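Quick look at query.txt (compact mmCIF, C-alpha atoms and all ligand atoms):
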# COMPACT_ATOMS: atom_id res chain seq x y z
CA MET G 6 101.20 74.19 9.32
CA ALA G 7 97.47 73.71 8.62
CA GLN G 8 97.72 76.03 5.57
CA ILE G 9 100.59 73.98 4.14
CA ILE G 10 98.88 70.63 4.74
CA SER G 11 95.63 71.88 3.21
CA LYS G 12 97.46 72.32 -0.12
CA THR G 13 98.39 68.63 -0.20
CA THR G 14 96.37 65.42 -0.51
CA ILE G 15 97.13 64.53 3.11
CA ASN G 16 93.94 63.87 5.05
CA ALA G 17 94.79 65.64 8.30
CA ARG G 18 93.01 66.68 11.46
CA LEU G 19 94.00 69.27 14.06
CA SER G 20 93.65 68.45 17.74
CA TYR G 21 93.39 71.42 20.09
CA ALA G 22 93.63 71.30 23.85
CA GLY G 23 90.91 73.98 23.99
CA ARG G 24 92.90 76.32 26.23
CA VAL G 25 91.90 79.48 24.35
CA SER G 26 88.34 80.58 23.66
CA ARG G 27 88.83 81.75 20.06
CA LEU G 28 90.57 79.27 17.78
CA ARG G 29 92.16 80.67 14.65
CA PRO G 30 90.21 79.70 11.49
CA SER G 31 91.73 76.63 9.86
CA PRO G 32 91.34 75.10 6.42
CA ILE G 33 91.44 71.54 7.82
CA ALA G 34 89.14 69.63 10.16
CA LYS G 35 89.65 70.00 13.89
CA ARG G 36 88.68 68.42 17.18
CA VAL G 37 88.97 70.04 20.62
CA GLY G 38 89.70 68.64 24.09
CA GLY G 39 91.54 65.81 25.81
CA PHE G 40 91.32 62.16 24.73
CA GLY G 41 91.18 60.65 28.21
CA GLY G 42 94.86 59.87 28.71
CA ILE G 43 96.99 57.34 26.83
CA SER G 44 94.24 54.75 26.45
CA GLY G 45 91.80 57.33 25.05
CA LEU G 46 94.36 58.58 22.56
CA LEU G 47 95.21 55.01 21.54
CA GLU G 48 91.55 54.30 20.94
CA TYR G 49 91.22 57.45 18.83
CA LEU G 50 94.30 56.64 16.71
CA LYS G 51 92.90 53.21 15.94
CA SER G 52 89.30 54.19 15.29
CA GLU G 53 90.32 57.06 12.99
CA GLN G 54 92.98 54.93 11.27
CA ILE G 55 95.64 57.54 11.89
CA THR G 56 98.96 56.69 10.19
CA HIS G 57 101.21 59.56 11.42
CA VAL G 58 101.14 61.84 14.45
CA ILE G 59 102.71 65.30 14.50
CA ASP G 60 103.04 66.64 18.02
CA ALA G 61 102.94 70.43 17.61
CA THR G 62 101.93 71.19 21.21
CA HIS G 63 103.45 73.98 23.27
CA PRO G 64 106.87 72.98 24.74
CA PHE G 65 105.35 73.21 28.25
CA ALA G 66 102.36 70.97 27.42
CA SER G 67 104.44 67.94 28.38
CA GLN G 68 101.62 65.64 29.47
CA MET G 69 100.17 65.57 25.99
CA SER G 70 103.60 64.94 24.49
CA LYS G 71 104.28 62.05 26.87
CA ASN G 72 100.84 60.57 26.15
CA ALA G 73 101.45 60.83 22.41
CA ILE G 74 104.84 59.08 22.65
CA GLU G 75 103.29 56.21 24.63
CA ALA G 76 100.16 55.83 22.52
CA CYS G 77 102.08 55.95 19.22
CA SER G 78 104.57 53.39 20.48
CA MET G 79 101.71 51.05 21.51
CA ALA G 80 99.92 51.58 18.18
CA LYS G 81 103.21 51.34 16.21
CA ILE G 82 102.49 54.69 14.53
CA PRO G 83 105.39 57.04 13.67
CA LEU G 84 105.46 60.27 15.66
CA ALA G 85 107.42 63.49 15.09
CA ALA G 86 107.40 66.64 17.19
CA LEU G 87 107.29 69.96 15.35
CA THR G 88 109.01 72.08 17.93
CA ARG G 89 111.29 75.09 18.30
CA PRO G 90 114.72 75.28 19.89
CA ALA G 91 114.84 76.79 23.37
CA TRP G 92 116.06 80.39 23.64
CA GLN G 93 119.71 80.73 24.61
CA GLU G 94 121.06 83.45 26.89
CA LYS G 95 122.90 86.13 24.92
CA LYS G 96 125.36 88.89 25.84
CA GLY G 97 123.47 91.54 27.79
CA ASP G 98 120.75 89.17 29.04
CA LYS G 99 120.28 89.01 32.81
CA TRP G 100 118.65 85.62 33.27
CA ILE G 101 117.95 83.79 36.48
CA ASN G 102 117.42 80.20 35.29
CA VAL G 103 114.94 78.16 37.31
CA PRO G 104 113.82 74.55 36.74
CA ASN G 105 110.05 75.01 37.00
CA LEU G 106 107.16 77.35 37.86
CA GLU G 107 107.36 76.59 41.59
CA ALA G 108 111.01 77.71 41.65
CA ALA G 109 110.07 80.88 39.76
CA ALA G 110 107.46 81.74 42.42
CA GLU G 111 110.03 80.99 45.13
CA HIS G 112 112.49 83.39 43.49
CA LEU G 113 109.91 86.16 43.85
CA LYS G 114 110.33 86.07 47.64
CA GLN G 115 111.92 89.51 47.55
CA PRO G 116 110.88 93.16 48.04
CA LYS G 117 108.25 94.67 45.73
CA LYS G 118 108.95 94.71 42.01
CA ASN G 119 106.88 95.49 38.92
CA VAL G 120 106.70 92.00 37.44
CA LEU G 121 105.69 91.05 33.89
CA LEU G 122 104.24 87.60 34.53
CA ALA G 123 104.12 86.08 31.05
CA ILE G 124 103.27 82.45 31.86
CA GLY G 125 99.70 82.11 30.60
CA ARG G 126 96.78 81.75 32.98
CA GLN G 127 96.89 78.12 34.16
CA ASN G 128 99.47 78.50 36.92
CA LEU G 129 98.96 82.05 38.16
CA ALA G 130 97.84 80.89 41.62
CA LEU G 131 101.40 79.77 42.40
CA PHE G 132 102.31 83.46 42.57
CA TYR G 133 99.60 84.34 45.10
CA THR G 134 102.25 83.44 47.70
CA GLN G 135 104.11 86.64 46.71
CA PRO G 136 101.41 89.33 46.89
CA GLN G 137 103.83 92.21 47.50
CA HIS G 138 104.54 92.75 43.80
CA TYR G 139 102.70 94.70 41.14
CA TYR G 140 101.95 92.09 38.47
CA ILE G 141 101.38 92.83 34.79
CA LEU G 142 99.68 89.75 33.34
CA ARG G 143 99.80 88.99 29.64
CA LEU G 144 96.90 86.68 28.74
CA VAL G 145 95.22 85.45 25.55
CA ASP G 146 91.75 85.49 27.17
CA PRO G 147 90.41 87.38 30.19
CA PRO G 148 90.57 85.25 33.37
CA ASP G 149 87.44 83.15 34.18
CA GLN G 150 87.31 84.56 37.70
CA PRO G 151 88.79 87.60 39.45
CA LEU G 152 92.48 87.19 40.20
CA ARG G 153 93.66 87.40 43.79
CA PHE G 154 96.65 89.67 43.22
CA PRO G 155 96.20 92.82 45.35
CA ASP G 156 97.94 94.97 42.73
CA HIS G 157 97.85 93.93 39.09
CA SER G 158 96.86 94.84 35.56
CA ILE G 159 95.86 92.57 32.69
CA ASN G 160 97.10 92.92 29.15
CA ILE G 161 94.96 90.83 26.75
CA SER G 162 96.83 89.88 23.60
CA ARG G 163 97.69 86.70 21.74
CA GLY G 164 100.74 88.03 19.89
CA PRO G 165 102.93 87.84 17.96
CA PHE G 166 104.42 90.67 20.01
CA THR G 167 106.75 93.41 18.76
CA ILE G 168 109.75 95.18 20.23
CA LYS G 169 108.00 98.54 19.76
CA ASN G 170 104.87 97.53 21.68
CA ASP G 171 106.76 95.63 24.35
CA THR G 172 109.13 98.57 24.93
CA ALA G 173 106.08 100.76 25.52
CA LEU G 174 104.61 98.13 27.88
CA PHE G 175 107.84 97.92 29.91
CA LYS G 176 108.11 101.71 30.14
CA ASN G 177 104.43 102.37 30.93
CA HIS G 178 104.42 99.86 33.79
CA LYS G 179 108.05 100.45 34.87
CA ILE G 180 108.62 96.70 34.61
CA ASP G 181 111.76 95.70 36.49
CA LEU G 182 111.42 91.90 36.46
CA VAL G 183 110.08 89.41 33.89
CA VAL G 184 108.95 85.84 34.55
CA ALA G 185 108.88 83.82 31.32
CA LYS G 186 108.72 80.24 30.11
CA ASN G 187 111.51 79.26 27.73
CA SER G 188 109.05 78.64 24.91
CA GLY G 189 111.50 79.31 22.06
CA GLY G 190 110.41 80.66 18.67
CA SER G 191 109.97 84.25 17.58
CA GLY G 192 106.34 85.06 18.50
CA ALA G 193 107.00 85.69 22.21
CA TYR G 194 110.69 86.64 22.02
CA SER G 195 110.32 90.42 21.93
CA LYS G 196 109.89 90.66 25.72
CA ILE G 197 113.28 88.96 26.11
CA GLU G 198 114.91 91.40 23.69
CA VAL G 199 113.29 94.39 25.38
CA ALA G 200 114.41 93.15 28.81
CA ARG G 201 117.96 92.91 27.42
CA ASN G 202 117.76 96.41 25.92
CA LEU G 203 116.49 97.93 29.18
CA GLY G 204 118.73 95.91 31.54
CA VAL G 205 115.77 94.11 33.14
CA SER G 206 116.28 90.66 34.75
CA VAL G 207 114.33 87.65 33.46
CA VAL G 208 113.40 84.66 35.62
CA MET G 209 113.61 82.06 32.83
CA ILE G 210 111.72 78.82 33.44
CA ASP G 211 113.30 75.71 31.88
CA ARG G 212 111.19 73.41 29.74
CA PRO G 213 109.81 70.23 31.25
CA LYS G 214 111.71 67.09 30.26
CA ILE G 215 110.12 64.98 27.53
CA PRO G 216 111.31 61.47 26.58
CA SER G 217 113.43 61.18 23.44
CA ARG G 218 111.49 61.45 20.17
CA LYS G 219 111.97 62.54 16.56
CA GLU G 220 112.09 66.36 16.54
CA ILE G 221 111.63 68.61 13.49
CA PHE G 222 112.21 72.36 13.61
CA GLN G 223 110.91 73.45 10.18
CA THR G 224 107.25 73.27 9.17
CA ASP G 225 108.11 72.29 5.57
CA SER G 226 110.23 69.38 6.78
CA VAL G 227 107.20 67.85 8.46
CA LEU G 228 105.64 67.19 5.05
CA ASN G 229 108.80 65.43 3.86
CA TRP G 230 108.69 63.31 6.99
CA VAL G 231 105.04 62.35 6.41
CA ASN G 232 105.75 61.44 2.81
CA GLN G 233 108.89 59.45 3.57
CA VAL G 234 108.01 57.46 6.69
N1 LIG N 1 97.91 73.37 25.41
C1 LIG N 1 98.18 74.56 24.88
O1 LIG N 1 97.61 74.97 23.85
C2 LIG N 1 99.22 75.48 25.55
C3 LIG N 1 99.56 76.69 24.91
C4 LIG N 1 100.48 77.53 25.52
C5 LIG N 1 101.05 77.16 26.72
N2 LIG N 1 100.74 75.97 27.30
C6 LIG N 1 101.35 75.66 28.59
O2 LIG N 1 101.66 74.29 28.74
C7 LIG N 1 101.48 73.88 30.11
C8 LIG N 1 100.58 72.68 30.18
O3 LIG N 1 99.43 72.93 29.41
P1 LIG N 1 98.25 71.93 29.10
O4 LIG N 1 97.53 71.59 30.39
O5 LIG N 1 97.51 72.53 27.99
O6 LIG N 1 98.99 70.65 28.54
P2 LIG N 1 99.37 69.22 29.19
O7 LIG N 1 99.64 69.37 30.64
O8 LIG N 1 100.40 68.62 28.34
O9 LIG N 1 98.02 68.42 28.92
C9 LIG N 1 96.96 68.28 29.83
C10 LIG N 1 95.85 67.53 29.13
O10 LIG N 1 95.28 68.35 28.10
C11 LIG N 1 94.85 67.54 27.03
N3 LIG N 1 95.58 68.05 25.85
C12 LIG N 1 96.68 68.82 25.81
N4 LIG N 1 97.03 69.10 24.53
C13 LIG N 1 96.13 68.51 23.74
C14 LIG N 1 95.94 68.42 22.31
N5 LIG N 1 96.76 69.01 21.42
N6 LIG N 1 94.90 67.74 21.85
C15 LIG N 1 94.06 67.18 22.73
N7 LIG N 1 94.19 67.22 24.07
C16 LIG N 1 95.21 67.86 24.58
C17 LIG N 1 95.25 66.12 27.38
O11 LIG N 1 94.11 65.49 28.00
P3 LIG N 1 93.89 63.89 28.00
O12 LIG N 1 94.93 63.30 28.89
O13 LIG N 1 92.51 63.75 28.52
O14 LIG N 1 94.02 63.43 26.58
C18 LIG N 1 96.34 66.30 28.39
O15 LIG N 1 96.53 65.22 29.26
C19 LIG N 1 100.89 75.08 30.84
O16 LIG N 1 101.94 75.67 31.56
C20 LIG N 1 100.40 75.98 29.72
O17 LIG N 1 100.46 77.33 30.08
C21 LIG N 1 99.83 75.13 26.75
Write the structure described by the file as structure tokens, please.
Amino acid sequence: MAQIISKTTINARLSYAGRVSRLRPSPIAKRVGGFGGISGLLEYLKSEQITHVIDATHPFASQMSKNAIEACSMAKIPLAALTRPAWQEKKGDKWINVPNLEAAAEHLKQPKKNVLLAIGRQNLALFYTQPQHYYILRLVDPPDQPLRFPDHSINISRGPFTIKNDTALFKNHKIDLVVAKNSGGSGAYSKIEVARNLGVSVVMIDRPKIPSRKEIFQTDSVLNWVNQV
């Protein structure tokens, strides 16, 4: 997205939540960190004379999306979300659909499994209630403090992931259960395909609900939207 915008005359700025330690280099200006809720974002939109907002946050970063909808409505600024359709269950998938992270942790109340816990690092503590499992954690950055899982290993990688590498990961760790967020897109999909190929069940966490908004699924289409609205 940033590469495409940098080739236009659009004066754009990237806003990162700052969840990862190493940001990818970008050809356009960036800022990092929260705004201080709706009022802080509103203030920023006004002071920077922003005319369009593109919400390209992760589908599970719902607080930011809700704040953006509210602040843009108050400031009368058009907003579009660049997002990706949720993954759909296919023939051969063995999904256990759960509404949220808490329900996923609850589902793990069962005898020991080798669990690929691919949910990022923010909510890992929810799974401390199920210490009987061997957890394989896929994280972008090493954890800030030691994790309190009695039996676990950490796989540091930011993707995109491949079927070849994920097949090796599943086989090396004898993974027999996956916990995943329904993020959509291709970058994190290989674990779902590998689970299907190997007959492994996936506890699939539904996306949080976000109020209705304009949604765009193609990066190129965002430019058309900016130029037309
Ligand atoms: N954020 C990410 O990059 C990211 C990536 C992958 C997965 N997720 C997943 O999404 C879930 C929630 O994540 P989250 O806490 O990051 O999001 P969140 O709950 O939607 O947002 C929490 C706060 O972070 C700040 N924030 C979030 N996105 C921002 C942005 N683009 N620019 C500036 N500030 C931003 C806002 O602070 P103020 O209210 O102070 O403005 C917001 O209220 C987690 O399950 C996480 O694993 C997030």
>> Given all atoms listed in the file as the basis, pick out the residue of G:Ala110, G:Val227, G:Ala123, G:Ala76 nearest to G:Pro136.
In response: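 Selected residue with least distance to G:Pro136: G:Ala110.
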>> When you look at stretch 150-152 of chain G with a cut-off of 12 Å (counting all atoms listed in the file), what residues show up, excluding the ones that are within fewer than 2 positions of it in the same chain? I need them as a VMD selection string.
In response: chain G and resid 126 to 133 136 140 to 142 146 to 148 154 to 159
Based on the selection just made, write C-alpha atoms of those residues as a compact mmCIF listing (two decimals), in the frame of the given file.
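Below is the file that was written, result08.txt:
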# COMPACT_ATOMS: atom_id res chain seq x y z
CA ARG G 126 96.78 81.75 32.98
CA GLN G 127 96.89 78.12 34.16
CA ASN G 128 99.47 78.50 36.92
CA LEU G 129 98.96 82.05 38.16
CA ALA G 130 97.84 80.89 41.62
CA LEU G 131 101.40 79.77 42.40
CA PHE G 132 102.31 83.46 42.57
CA TYR G 133 99.60 84.34 45.10
CA PRO G 136 101.41 89.33 46.89
CA TYR G 140 101.95 92.09 38.47
CA ILE G 141 101.38 92.83 34.79
CA LEU G 142 99.68 89.75 33.34
CA ASP G 146 91.75 85.49 27.17
CA PRO G 147 90.41 87.38 30.19
CA PRO G 148 90.57 85.25 33.37
CA PHE G 154 96.65 89.67 43.22
CA PRO G 155 96.20 92.82 45.35
CA ASP G 156 97.94 94.97 42.73
CA HIS G 157 97.85 93.93 39.09
CA SER G 158 96.86 94.84 35.56
CA ILE G 159 95.86 92.57 32.69
> Which residues sit within 9 Å of ligand LIG 1 (chain N), counting only C-alpha atoms and all ligand atoms, listed as a PyMOL selection string?
Replying inline: chain G and resi 19-25+36-46+60-73+106+124-128+186+188
>> Report, in Å with one decimal, the straight-line distance from atom CA of G:Ile210 to atom CA of G:Met6.
In response: 26.7 Å
>> List the spatial neighbours of stretch 78-89 of chain G as a list in words - criterion: any atom at most 8 Å away, all atoms listed in the file, same-chain residues fewer than 3 positions off excluded.
In response: Leu47, Leu50, Lys51, Ile55, Thr56, His57, Val58, Ile59, Asp60, Ala61, Thr62, His63, Pro64, Ala73, Ile74, Glu75, Ser188, Gly189, Gly190, Arg218, Lys219, Glu220, Ile221, Phe222, Gln223, Thr224, Val227 and Val234 of chain G
> By how many Å are atom CA of G:Val183 and atom CA of G:Pro104 apart?
Replying inline: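 Between these atoms lies a distance of 15.6 Å.
The two atoms in question, atom CA of G:Arg27 and atom CA of G:Lys214, are spaced 29.0 Å apart.
Restricting the calculation to only C-alpha atoms, the smallest distance between G:Glu53 and any of G:Asn229, G:Ser31, G:Asn16, G:Thr172 is found for G:Asn16.
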>> Could you check the closest approach to G:Ser26 for each of G:Arg163, G:Arg212, G:Lys117, G:His112 and tell me which residue wins, using all atoms listed in the file?
In response: G:Arg163
>> Given the point (100.3, 95.8, 25.5) in the coordinates of this file, which residues lie within 12 Å, counting all atoms listed in the file, and how would they look as an MDAnalysis selection string?
In response: chainID G and resid 121 123 141:145 158:178 195:196
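Proximity to G:Thr134 was assessed for G:Gln115, G:Ser191, G:Asn202, G:Gln93 counting all atoms listed in the file; the smallest distance is recorded for G:Gln115.
With distances restricted to all atoms listed in the file, G:Asn105 is the closest residue to G:Val184 from G:Ser226, G:Ser217, G:Gln233, G:Asn105.
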Take stretch 7-25 of chain G from the preceding structure and save N, CA and C atoms as a compact mmCIF listing (two decimals), in the first residue's frame.
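Output below, filename result_12.txt:
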# COMPACT_ATOMS: atom_id res chain seq x y z
N ALA G 7 1.85 1.32 0.93
CA ALA G 7 2.71 2.50 1.03
C ALA G 7 3.50 2.69 -0.27
N GLN G 8 3.96 1.57 -0.87
CA GLN G 8 4.71 1.65 -2.13
C GLN G 8 3.85 2.28 -3.22
N ILE G 9 2.60 1.86 -3.29
CA ILE G 9 1.70 2.35 -4.33
C ILE G 9 1.42 3.84 -4.12
N ILE G 10 1.13 4.22 -2.88
CA ILE G 10 0.82 5.63 -2.60
C ILE G 10 2.03 6.52 -2.87
N SER G 11 3.22 5.99 -2.59
CA SER G 11 4.43 6.82 -2.76
C SER G 11 4.66 7.20 -4.23
N LYS G 12 4.02 6.46 -5.14
CA LYS G 12 4.19 6.77 -6.58
C LYS G 12 3.13 7.78 -7.05
N THR G 13 2.32 8.27 -6.15
CA THR G 13 1.29 9.24 -6.52
C THR G 13 1.62 10.59 -5.88
N THR G 14 0.75 11.57 -6.12
CA THR G 14 0.97 12.89 -5.48
C THR G 14 0.24 12.98 -4.15
N ILE G 15 -0.35 11.87 -3.71
CA ILE G 15 -1.09 11.89 -2.44
C ILE G 15 -0.11 12.09 -1.29
N ASN G 16 -0.43 13.03 -0.43
CA ASN G 16 0.41 13.30 0.74
C ASN G 16 -0.11 12.43 1.89
N ALA G 17 0.52 11.28 2.08
CA ALA G 17 -0.02 10.30 3.04
C ALA G 17 0.91 10.08 4.22
N ARG G 18 0.36 9.52 5.25
CA ARG G 18 1.11 9.22 6.47
C ARG G 18 0.64 7.87 6.99
N LEU G 19 1.58 7.05 7.42
CA LEU G 19 1.23 5.75 8.00
C LEU G 19 1.14 5.89 9.51
N SER G 20 0.14 5.23 10.09
CA SER G 20 0.03 5.24 11.55
C SER G 20 0.13 3.81 12.05
N TYR G 21 1.19 3.53 12.81
CA TYR G 21 1.40 2.17 13.34
C TYR G 21 1.01 2.12 14.81
N ALA G 22 0.47 0.97 15.20
CA ALA G 22 0.15 0.79 16.62
C ALA G 22 1.44 0.62 17.44
N GLY G 23 2.51 0.18 16.80
CA GLY G 23 3.78 -0.02 17.52
C GLY G 23 3.84 -1.35 18.22
N ARG G 24 3.12 -2.34 17.68
CA ARG G 24 3.09 -3.66 18.34
C ARG G 24 4.33 -4.49 18.04
N VAL G 25 5.02 -4.20 16.95
CA VAL G 25 6.23 -4.97 16.63
C VAL G 25 7.45 -4.05 16.76
